[in-house]
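**Q** Sharing a structure below in C-alpha cells format, with a few things to ask.
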Amino acid sequence: MRCEILHKLPGGAQALDQLPEIPVRSRPLATAEGYRPVQFGALDEVPPFSPVSGPRKVTLTGSAHNKDGWLRKNDAETLDVLRHLEAKVRARAVDMAEVSRDLQDDAETLVVSYGITSRAAREAVRLGRAMGRRLSFLGLLTLFPVPADAIREAAGTAKRVVVAEENLSGLYRQALAGTLPGIELHGVNKLGTMIRPAEILEVL
Amino acid sequence: MTTNAEEQSFLADRPFPYCKGCGHGLVARRLNEALVRLRLDPSQIVLTTDIGCVGLVDPLFPAVHTVHTIHGRSTAIAAGAVLADTLLGEGGMKNIVMIGDGGATIGLLHLTQAALMNVDLTVLLHNNMLYGMTGGQHSALTPAGFATSTTAQGNWVPALDMEQLLRGCQAGFFARQLATDVELGDVIAEAIAFPGFALVEILELCTGFGVPLNKMDGRTLRAMAEADGHGLGVRLRRDDRRPYHDVYRERFPAATGQPETTPAGPSASPVFAHGLDRPRTVIIAGSAGERVQTAAAVLCQAAVLSRLHCVQKNDYPVTVGSGFSLSEVKLAPEPILYTGIDAPDAVLITSADGLKEIRGRGDLGRLAAGGVVIADESLAAELPGDRTLSLPLRQRLSPDMAALGAVAVLNERTGILDREAIRAAIGVFAGGDSERLQRTLAAAATL
C-alpha cells in the first residue's frame with residue numbers, strides 16, 4: 001500500500017484559491033414558451049437553459065432520453081439526441097485534448113506517456129538529450145477522445161513513437177494503433193513497481 | 001393540471017406509463033395528494049428518481065423539476081443537491097427520492113449515510129420485492145418464500161428489514177404502507193414535512209413478475225407483511241435530531257461553509273540555508289507505529305522550509321498498523337521529475353521489521369557510491385560493517401523516536417540541512433507533541 005504526501009509552505013492552501021477562473025460562455029435563459037430542457041441546435045450553439053427553482057421544469061437524466069429529458073428507448077427523437085451527443089464530443093475532440101509538450105525540432109523519437117509514468121518519461125528524455133539524442137516528449141492529460149492530431153503534430157518528422165505506461169500489455173498503445181500511419185510504435189510497460197527512466201532510455 | 005396555491009393537482013393529464021395494476025401509479029397519485037396538501041410551490045420541488053420503472057415518473061409532474069439518476073445513486077445525488085441548496089444556495093427546495101427495492105439494494109449505503117447524516121430529504125421506497133424493469137430478479141428486500149425469476153422455488157434468504165436498519169442509523173422518520181392504503185397520501189405528506197431524513201417504504205406488487213409468480217393480491221401482501229413482522233403506519237418519528245445542514249451551519253457559521261480555521265494568508269517564515277548541490281535520496285524503515293513516516297515528514301518539511309523540492313512516499317503492508325513502515329524521501333535543489341529511488345544515498349533502519357523489508361526490496365545492494373546505512377545497534381550483526389553506523393537508537397531515544405533520531409544523525413553527518421530547519425519543521429508539523437521531538441533531536445546529538 002502506498003500513498004504520497006504533499007508538504008506545503010505555510011499559507012500554501014491560499015494558492016488554491018488563486019487558480020484562474022474557468023471562463024464560462026454566456027448561456028441564454030429560456031424565455032420562450034415551448035422550452036424543452038434538452039433542446040439543441042447547431043453544434044456550436046449554446047442552447048437556452050433554465051435554473052432549478054426557476055419557473056420552468058428542469059429535467060436532468062443519465063438515461064437515454066428525448067428532448068424533454070424523458071426516459072425513452074429508441075424512438076427517432078431519442079436517437080437524434082444520442083447522435084447529437086456523440087457529434088458534440090467528436091466536434092470538440094481537439095478542444096477537449098489536454099497535453100503538455102516538450103518538443104525538439106527534428107526529433108528522431110517522440111515519447112508519449114501519462115499519469116505517474118510521464119514524470120519518469122520526462123526524466124528519460126532529459127537524460128537522453130544530455131547524451132546527444134534528439135527526443136520529444138508529449139504528456140497526455142486526457143486520454144479519450146484519443147488526441148491523435150496532437151500526437152501526430154508532436155511527432156513531427158519522428159519515425160518512432162514510444163508509449164510508456166504502467167500496465168502489463170500497453171493498453172493505450174493499442175488504442176493508438178492505426179492513428180499514426182508510417183510511424184513505428186513501441187511500448188515500455190511494467191507492473192508492480194514504477195517504470196524507471198533508465199528502462200525507458202533502453203527503448204529510445 | 002393546475003399548480004398555483006389553489007391547485008388541485010400537480011399531475012399531468014396523460015396516461016400513466018406503468019403496467020396495468022402496478023402500484024407505482026397509486027404512489028404517484030398519493031404523492032400528488034401530499035404535494036397538494038402541503039401547498040408547495042412546484043418550482044421548489046425536485047423529484048430525484050432511480051433507475052427502474054420509478055424513473056418513468058418525470059412526465060407525470062410537468063411543473064416539478066426532475067432528476068433521473070443512475071442505478072442506486074439517487075439518494076446520494078439528492079443528498080448532494082439538498083446540501084448545495086441549504087448550505088450554498090437559498091434553501092427551501094424539497095427533494096423527494098423515488099427509488100425501487102432494487103435501487104435501494106444497490107445503493108444501500110447511500111441510504112444509510114443520508115439517514116446517519118440526517119439530510120433533509122424524503123425517500124419513497126417502492127418495494128415490489130424484485131427488480132421489475134430488468135426481468136423480475138430478487139433483491140435484498142425480497143421476502144423469504146417469495147418467488148422471483150432468480151428464486152423460482154421461493155427466496156430462502158430473509159429480507160432486509162428497512163425499519164430496523166434505519167433505527168440503527170438513528171433515522172428521524174420511517175413509515176411503511178401498502179400502495180393501496182388510503183392513508184398513504186397523509187403519510188407521504190408527513191414525511192415531506194419532516195425536517196430531516198424520512199423514508200416511506202411502500203409495499204406493492206409488480207404485476208409483470210410478482211403477481212404471476214406468486215399468485216398474490218393486496219390482501220395476501222398485507223398478510224405477508226404482518227407475518228414477517230413488518231408493521232404498517234408511521235413506525236418511527238423522533239424530533240431530537242437536527243438536520244445535517246442545520247448543524248453544519250452552527251459549526252461553520254460562514255455562509256460559504258468554509259471552516260473557520262482556514263489560513264488567513266501566507267505567513268512570514270524563515271528561509272534556511274542548505275548544503276544540497278544535487279538530489280539526495282533517503283529510505284527510512286522501521287516498524288508500524290514507531291513514527292517512521294513522521295520522521296520522513298519532518299525531514300521533508302525542513303527541506304520545504306529550506307526552499308528545496310522534495311518527495312515523500314510511504315509504504316506499508318495492506319494493514320497500516322502492523323509489520324513494517326517505510327518512507328522514501330527525495331530532496332533536490334531542482335524540480336523532481338522521477339519520484340522513485342534507484343540508488344539510495346542513505347538507508348535508515350530502526351527495527352527488525354524495517355530490515356526485513358529493506359532486504360526484500362534489495363535496497364542495500366542498490367546503495368549509491370558513498371552511501372551510508374544508519375541502523376539500530378540491535379541489527380548490527382546483520383548489516384555490512386564497513387558502511388553501517390550502528391547506534392543505540394531504540395534504547396536511548398525509545399523505539400518511537402528512533403527514526404527521527406536517525407534522521408537527525410544523518411543530517412549532522414552530511415550537513416544536508418540546517419539543524420534549525422529541522423527544529424522549525426517539528427514546530428510546523430508535530431503540533432502538541434513537538435517538545436518530545438525537540439528533546440529527541442538534542443539526545444540524538446549525543447549518540
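Scheme for the C-alpha cells: letters A, B, ... for chains in order shown; per-chain residue numbers from 1; ligand numbers from 1 in order shown.
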Within 10 Å of A:Thr61, counting only C-alpha atoms, which residues show up once you throw out same-chain ones fewer than 4 positions away? Write them as an MDAnalysis selection string, please.
**A** (chainID A and resid 38 65 69:71) or (chainID B and resid 48:50 55 58 66:70)
**Q** What are the residues of chain B that have an atom within 8 Å of an atom of chain A, counting only C-alpha atoms, as a PyMOL selection string?
**A** chain B and resi 43-45+55-56+58-59+62-70+93+263-267+269+297+300-301+304-305+311-318+337-340+342
**Q** Write out as a ChimeraX atom specification all residues of stretch 31-204 of chain A that backbone DSSP assigns to strand (DSSP E or B).
**A** /A:49,59-61,65,71,99-102,109-114,135-140,160-165,184-189
**Q** Applying 10 Å and only C-alpha atoms, which residues near stretch 374-381 of chain B remain after dropping the ones on its own chain fewer than 6 positions away? List them as a VMD selection string.
**A** chain B and resid 284 to 286 346 to 352 354 to 355 387 to 395 399 402 to 403 406 to 407 409 to 410
**Q** Considering only C-alpha atoms, return as a list of chain:residue names whatever protein or nucleic-acid residues lie within 10 Å of B:Ala303, sequence-local ones (same chain, fewer than 2 positions apart) excluded.
**A**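 Selected residues are A:His7, B:Val271, B:Phe272, B:Ala273, B:His274, B:Leu276, B:Ala297, B:Val298, B:Leu299, B:Cys300, B:Gln301, B:Leu305, B:Ser306, B:Arg307, B:Leu308, B:His309, B:Cys310, B:Val311, B:Lys330, B:Leu331, B:Ala332, B:Pro333, B:Ile416, B:Leu417, B:Asp418, B:Ala421, B:Ile422, B:Ala425.
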**Q** Convert the current residue selection to file output with C-alpha atoms, as a PDB file, in the first residue's frame.
**A**
```pdb
ATOM      1  CA  HIS A   7       4.170  19.110   2.017  1.00  0.00           C
TER       2      HIS A   7
ATOM      3  CA  VAL B 271      14.227  30.502   4.878  1.00  0.00           C
ATOM      4  CA  PHE B 272      17.039  28.208   5.968  1.00  0.00           C
ATOM      5  CA  ALA B 273      20.301  27.601   4.184  1.00  0.00           C
ATOM      6  CA  HIS B 274      21.113  24.105   2.941  1.00  0.00           C
ATOM      7  CA  LEU B 276      22.442  20.340  -1.174  1.00  0.00           C
ATOM      8  CA  ALA B 297       7.672  14.183   7.097  1.00  0.00           C
ATOM      9  CA  VAL B 298       9.852  16.273   9.408  1.00  0.00           C
ATOM     10  CA  LEU B 299      12.768  15.838   7.018  1.00  0.00           C
ATOM     11  CA  CYS B 300      10.613  16.911   4.063  1.00  0.00           C
ATOM     12  CA  GLN B 301       9.089  19.827   5.923  1.00  0.00           C
ATOM     13  CA  LEU B 305      11.468  25.447   4.733  1.00  0.00           C
ATOM     14  CA  SER B 306      14.869  25.485   3.021  1.00  0.00           C
ATOM     15  CA  ARG B 307      13.164  26.065  -0.326  1.00  0.00           C
ATOM     16  CA  LEU B 308      14.150  22.670  -1.635  1.00  0.00           C
ATOM     17  CA  HIS B 309      11.980  20.334  -3.653  1.00  0.00           C
ATOM     18  CA  CYS B 310      11.020  17.070  -2.011  1.00  0.00           C
ATOM     19  CA  VAL B 311       9.030  13.890  -2.431  1.00  0.00           C
ATOM     20  CA  LYS B 330      13.940  12.534  -2.213  1.00  0.00           C
ATOM     21  CA  LEU B 331      15.320  16.055  -1.781  1.00  0.00           C
ATOM     22  CA  ALA B 332      16.584  18.197  -4.639  1.00  0.00           C
ATOM     23  CA  PRO B 333      17.545  21.769  -5.451  1.00  0.00           C
ATOM     24  CA  ILE B 416      22.267  18.468   4.097  1.00  0.00           C
ATOM     25  CA  LEU B 417      20.066  20.822   6.060  1.00  0.00           C
ATOM     26  CA  ASP B 418      20.485  23.433   8.728  1.00  0.00           C
ATOM     27  CA  ALA B 421      15.355  23.898   9.783  1.00  0.00           C
ATOM     28  CA  ILE B 422      14.577  20.533  11.360  1.00  0.00           C
ATOM     29  CA  ALA B 425       9.874  21.694  10.815  1.00  0.00           C
TER      30      ALA B 425
END
```
**Q** Once DSSP has gone over the backbone, tell me which residues of stretch 76-170 of chain A are in alpha helix (DSSP H), as a ChimeraX atom specification.
**A** /A:76-91,93-96,117-130,148-155
**Q** For B:Arg291, work out the shell of residues within 8 Å, counting only C-alpha atoms and skipping chain neighbours fewer than 5 positions away, then give it as number ranges by chain.
**A** B: 400-401, 403-404
**Q** Can you pull out every residue within 6 Å of stretch 183-191 of chain A, counting only C-alpha atoms, but drop anything in the same chain fewer than 6 positions away, and send it as a list in words?
**A** Lys159, Arg160, Val161, Val162, Val163, Ala164, Glu165, Glu166, Asn167 and Leu168 of chain A
**Q** Output N, CA, C and O atoms for every residue in the selection just made, as a PDB file, in the first residue's frame.
**A**
```pdb
ATOM      1  N   LYS A 159      10.148   9.217 -36.625  1.00  0.00           N
ATOM      2  CA  LYS A 159       9.676   7.969 -37.216  1.00  0.00           C
ATOM      3  C   LYS A 159       9.313   6.935 -36.157  1.00  0.00           C
ATOM      4  O   LYS A 159       8.871   5.837 -36.482  1.00  0.00           O
ATOM      5  N   ARG A 160       9.591   7.292 -34.909  1.00  0.00           N
ATOM      6  CA  ARG A 160       9.278   6.341 -33.835  1.00  0.00           C
ATOM      7  C   ARG A 160       8.492   7.064 -32.743  1.00  0.00           C
ATOM      8  O   ARG A 160       8.812   8.202 -32.387  1.00  0.00           O
ATOM      9  N   VAL A 161       7.505   6.383 -32.208  1.00  0.00           N
ATOM     10  CA  VAL A 161       6.780   6.863 -31.030  1.00  0.00           C
ATOM     11  C   VAL A 161       6.871   5.772 -29.971  1.00  0.00           C
ATOM     12  O   VAL A 161       6.569   4.601 -30.249  1.00  0.00           O
ATOM     13  N   VAL A 162       7.326   6.147 -28.797  1.00  0.00           N
ATOM     14  CA  VAL A 162       7.429   5.209 -27.678  1.00  0.00           C
ATOM     15  C   VAL A 162       6.382   5.593 -26.634  1.00  0.00           C
ATOM     16  O   VAL A 162       6.367   6.727 -26.156  1.00  0.00           O
ATOM     17  N   VAL A 163       5.510   4.655 -26.307  1.00  0.00           N
ATOM     18  CA  VAL A 163       4.458   4.913 -25.320  1.00  0.00           C
ATOM     19  C   VAL A 163       4.851   4.205 -24.022  1.00  0.00           C
ATOM     20  O   VAL A 163       4.942   2.978 -23.983  1.00  0.00           O
ATOM     21  N   ALA A 164       5.110   4.998 -22.984  1.00  0.00           N
ATOM     22  CA  ALA A 164       5.475   4.437 -21.680  1.00  0.00           C
ATOM     23  C   ALA A 164       4.259   4.492 -20.777  1.00  0.00           C
ATOM     24  O   ALA A 164       3.707   5.566 -20.538  1.00  0.00           O
ATOM     25  N   GLU A 165       3.833   3.344 -20.297  1.00  0.00           N
ATOM     26  CA  GLU A 165       2.633   3.296 -19.461  1.00  0.00           C
ATOM     27  C   GLU A 165       2.722   2.127 -18.490  1.00  0.00           C
ATOM     28  O   GLU A 165       3.204   1.052 -18.841  1.00  0.00           O
ATOM     29  N   GLU A 166       2.239   2.366 -17.270  1.00  0.00           N
ATOM     30  CA  GLU A 166       2.386   1.369 -16.209  1.00  0.00           C
ATOM     31  C   GLU A 166       1.223   0.383 -16.232  1.00  0.00           C
ATOM     32  O   GLU A 166       0.296   0.455 -15.444  1.00  0.00           O
ATOM     33  N   ASN A 167       1.267  -0.508 -17.202  1.00  0.00           N
ATOM     34  CA  ASN A 167       0.344  -1.636 -17.233  1.00  0.00           C
ATOM     35  C   ASN A 167       1.021  -2.769 -17.985  1.00  0.00           C
ATOM     36  O   ASN A 167       2.120  -2.609 -18.535  1.00  0.00           O
ATOM     37  N   LEU A 168       0.361  -3.909 -18.031  1.00  0.00           N
ATOM     38  CA  LEU A 168       1.035  -5.113 -18.500  1.00  0.00           C
ATOM     39  C   LEU A 168       1.154  -5.190 -20.021  1.00  0.00           C
ATOM     40  O   LEU A 168       2.161  -5.645 -20.551  1.00  0.00           O
TER      41      LEU A 168
END
```
**Q** Could you check the closest approach to B:Asp217 for each of B:Val292, B:Ala78, B:Leu447, B:Cys22 and tell me which residue wins, using only C-alpha atoms?
**A** B:Cys22
